[in-house]
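Below: the structure, in structure tokens.
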Amino acid sequence: MRDEHWQLQVSSKSLKKREKLELLDKHLNIDPSSTTLDLGCAQGILSYYPRKKGGQWLSCDLDFLNLKTSSELLEKNLMQIPPDALPLKDGLLDRVISLDYLEHLDDDLVCLQEIYRCLKPGGELILAVPRTGRFFVLHRIRPALGMKLEFYGHKREGYTLRDLKRLLKKAELEYTQHRAFSGFLTELAELMLNLAYTRFFSTGEPQGLRDGHIRPTTSHEFSSQKRAFKAYSLVYPLIWLLTRLDKLFFFQRKYGLIIWATKQSSPQ
């Protein structure tokens, strides 16, 4: 890990990001000749490690500030896109990886239809989204603490697995499998960290970012909070160990979903 990249320092001390990256590392196999679109790269935190698996990559985001920040880490093949289109040729891509992006869009179906158009027949979509439903207690606690959806840049709370399957079907993408992650303790710890950041550390500088402002979004912002990050790093091992208790409650509903889907060779 290169310490000069602040994004990697943040990801190494993240709870949910570590779970997502472990799932991706376990299930992502990339042919060296394949082309992958990283849709919604944000500050590059979740993009760096999958790129190391090889192949050709293109990373894109709605926000120029995100692209400018992620270029410090990803270096090349970055593109700004509009919210309702992918400026790419039909059938260009072998794979689309979109992590924590769909819930930020006004029209999520249009996004999935664009993904379908740009994928080759048999191409793969890997999608990470927040999960919601009747019994997700923290979704009720979060707004009571003042953590509104706009703080996260979310247009919706999340998705049920059933609703997401239905959405994929409308876009002619075939669901193949899913994995759930982020149990109650992990999600609670993340909520408390986000609350602390917005209350005590956020500079309020970046405005209107599609992914909100619940963590540092630029190297300057991270540098201004190095002392707080060092303090958090000291207690992080304890927090991480406590959240591992989620594994004992394997039957609980988890707050995140990673979905795999494919573009069928012929329309349904």
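Identifiers in the structure tokens: chain A, B, ... in order shown; residue index from 1 per chain; ligand index from 1 in order shown.
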
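Residues with any atom within 9 Å of Glu174 in chain A, counting only C-alpha atoms and excluding same-chain neighbours fewer than 5 positions away, are Lys165, Leu168, Lys169, Trp260, Ala261, Thr262, Lys263 and Gln264 of chain A.
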
Those same residues - N, CA and C atoms - I'd like them written as a tab-separated table (two decimals), in the first residue's frame.
chain	number	residue	atom	x	y	z
A	165	LYS	N	-34.22	-7.39	-8.57
A	165	LYS	CA	-34.37	-8.41	-9.62
A	165	LYS	C	-35.38	-7.94	-10.67
A	168	LEU	N	-33.75	-5.27	-12.84
A	168	LEU	CA	-32.82	-5.88	-13.79
A	168	LEU	C	-33.56	-6.53	-14.95
A	169	LYS	N	-34.66	-7.19	-14.64
A	169	LYS	CA	-35.45	-7.86	-15.69
A	169	LYS	C	-36.00	-6.84	-16.68
A	260	TRP	N	-24.88	-10.02	-9.14
A	260	TRP	CA	-24.29	-10.36	-10.42
A	260	TRP	C	-25.42	-10.59	-11.43
A	261	ALA	N	-25.26	-10.04	-12.63
A	261	ALA	CA	-26.24	-10.23	-13.69
A	261	ALA	C	-25.49	-10.30	-15.02
A	262	THR	N	-26.15	-10.84	-16.04
A	262	THR	CA	-25.55	-10.97	-17.35
A	262	THR	C	-26.50	-10.45	-18.42
A	263	LYS	N	-25.91	-10.04	-19.53
A	263	LYS	CA	-26.69	-9.69	-20.72
A	263	LYS	C	-26.91	-10.97	-21.52
A	264	GLN	N	-28.16	-11.34	-21.68
A	264	GLN	CA	-28.45	-12.55	-22.42
A	264	GLN	C	-28.05	-12.38	-23.90

*asked:* as a list in words, please: the residues near Pro50 in chain A (cut-off 9 Å, only C-alpha atoms, same-chain neighbours under 5 positions excluded).
replied: Leu21, Leu24, Asp25 and Leu28 of chain A

Report as JSON lines: every residue of range 74-116 of chain A with an atom at most 9 Å from range 138-157 of chain A, its closest pair of atoms, and their distance in Å to one decimal, counting only C-alpha atoms, with rows sorted by chain and ascending residue number.
{"residue": "A:Tyr101", "atom": "CA", "partner": "A:His154", "partner_atom": "CA", "distance": 8.9}
{"residue": "A:Leu102", "atom": "CA", "partner": "A:His154", "partner_atom": "CA", "distance": 8.9}
{"residue": "A:Glu103", "atom": "CA", "partner": "A:His154", "partner_atom": "CA", "distance": 5.6}
{"residue": "A:His104", "atom": "CA", "partner": "A:His154", "partner_atom": "CA", "distance": 4.5}
{"residue": "A:Leu105", "atom": "CA", "partner": "A:Lys155", "partner_atom": "CA", "distance": 6.2}
{"residue": "A:Asp106", "atom": "CA", "partner": "A:Lys155", "partner_atom": "CA", "distance": 6.3}

*Which residue gives the smallest distance to Leu188 in chain A among A:Glu221, A:Asp246, A:Asp107, A:Asp211, with only C-alpha atoms counted?*
A:Asp246

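The nearest approach to Phe64 in chain A among the residues A:Lys247, A:Lys120, A:His220, A:Arg210, with only C-alpha atoms taken into account, belongs to A:Arg210.
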
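With only C-alpha atoms as the basis for measurement, A:Gln43 is the residue among A:Gln43, A:Gln56, A:Thr160, A:Ser34 that approaches Ser71 in chain A most closely.
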
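All residues of protein, DNA or RNA that reach within 8 Å of Arg95 in chain A, judged by only C-alpha atoms and not counting those fewer than 6 positions away in the chain, are Ser34, Thr35, Thr36, Leu37, Leu119, Gly123, Glu124, Leu125 and Ile126 of chain A.
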
Using N, CA and C atoms, can you export the residues from the last selection as a PDB file, in the first residue's frame?
ATOM      1  N   SER A  34     -10.046  -8.460 -21.659  1.00  0.00           N
ATOM      2  CA  SER A  34     -11.387  -7.926 -21.468  1.00  0.00           C
ATOM      3  C   SER A  34     -11.369  -6.423 -21.191  1.00  0.00           C
ATOM      4  N   THR A  35     -12.525  -5.801 -21.422  1.00  0.00           N
ATOM      5  CA  THR A  35     -12.705  -4.374 -21.157  1.00  0.00           C
ATOM      6  C   THR A  35     -13.775  -4.195 -20.091  1.00  0.00           C
ATOM      7  N   THR A  36     -13.425  -3.488 -19.024  1.00  0.00           N
ATOM      8  CA  THR A  36     -14.331  -3.290 -17.887  1.00  0.00           C
ATOM      9  C   THR A  36     -14.597  -1.818 -17.675  1.00  0.00           C
ATOM     10  N   LEU A  37     -15.857  -1.469 -17.474  1.00  0.00           N
ATOM     11  CA  LEU A  37     -16.238  -0.106 -17.099  1.00  0.00           C
ATOM     12  C   LEU A  37     -16.468  -0.044 -15.603  1.00  0.00           C
ATOM     13  N   LEU A 119     -22.981  -3.478 -22.941  1.00  0.00           N
ATOM     14  CA  LEU A 119     -22.384  -4.794 -22.708  1.00  0.00           C
ATOM     15  C   LEU A 119     -22.423  -5.652 -23.966  1.00  0.00           C
ATOM     16  N   GLY A 123     -22.079 -10.448 -21.503  1.00  0.00           N
ATOM     17  CA  GLY A 123     -21.309  -9.565 -20.627  1.00  0.00           C
ATOM     18  C   GLY A 123     -21.879  -9.537 -19.221  1.00  0.00           C
ATOM     19  N   GLU A 124     -21.053  -9.135 -18.273  1.00  0.00           N
ATOM     20  CA  GLU A 124     -21.371  -9.240 -16.847  1.00  0.00           C
ATOM     21  C   GLU A 124     -21.545  -7.879 -16.204  1.00  0.00           C
ATOM     22  N   LEU A 125     -22.537  -7.792 -15.323  1.00  0.00           N
ATOM     23  CA  LEU A 125     -22.733  -6.619 -14.460  1.00  0.00           C
ATOM     24  C   LEU A 125     -22.557  -7.035 -13.015  1.00  0.00           C
ATOM     25  N   ILE A 126     -21.744  -6.276 -12.285  1.00  0.00           N
ATOM     26  CA  ILE A 126     -21.592  -6.458 -10.837  1.00  0.00           C
ATOM     27  C   ILE A 126     -22.018  -5.152 -10.186  1.00  0.00           C
TER      28      ILE A 126
END
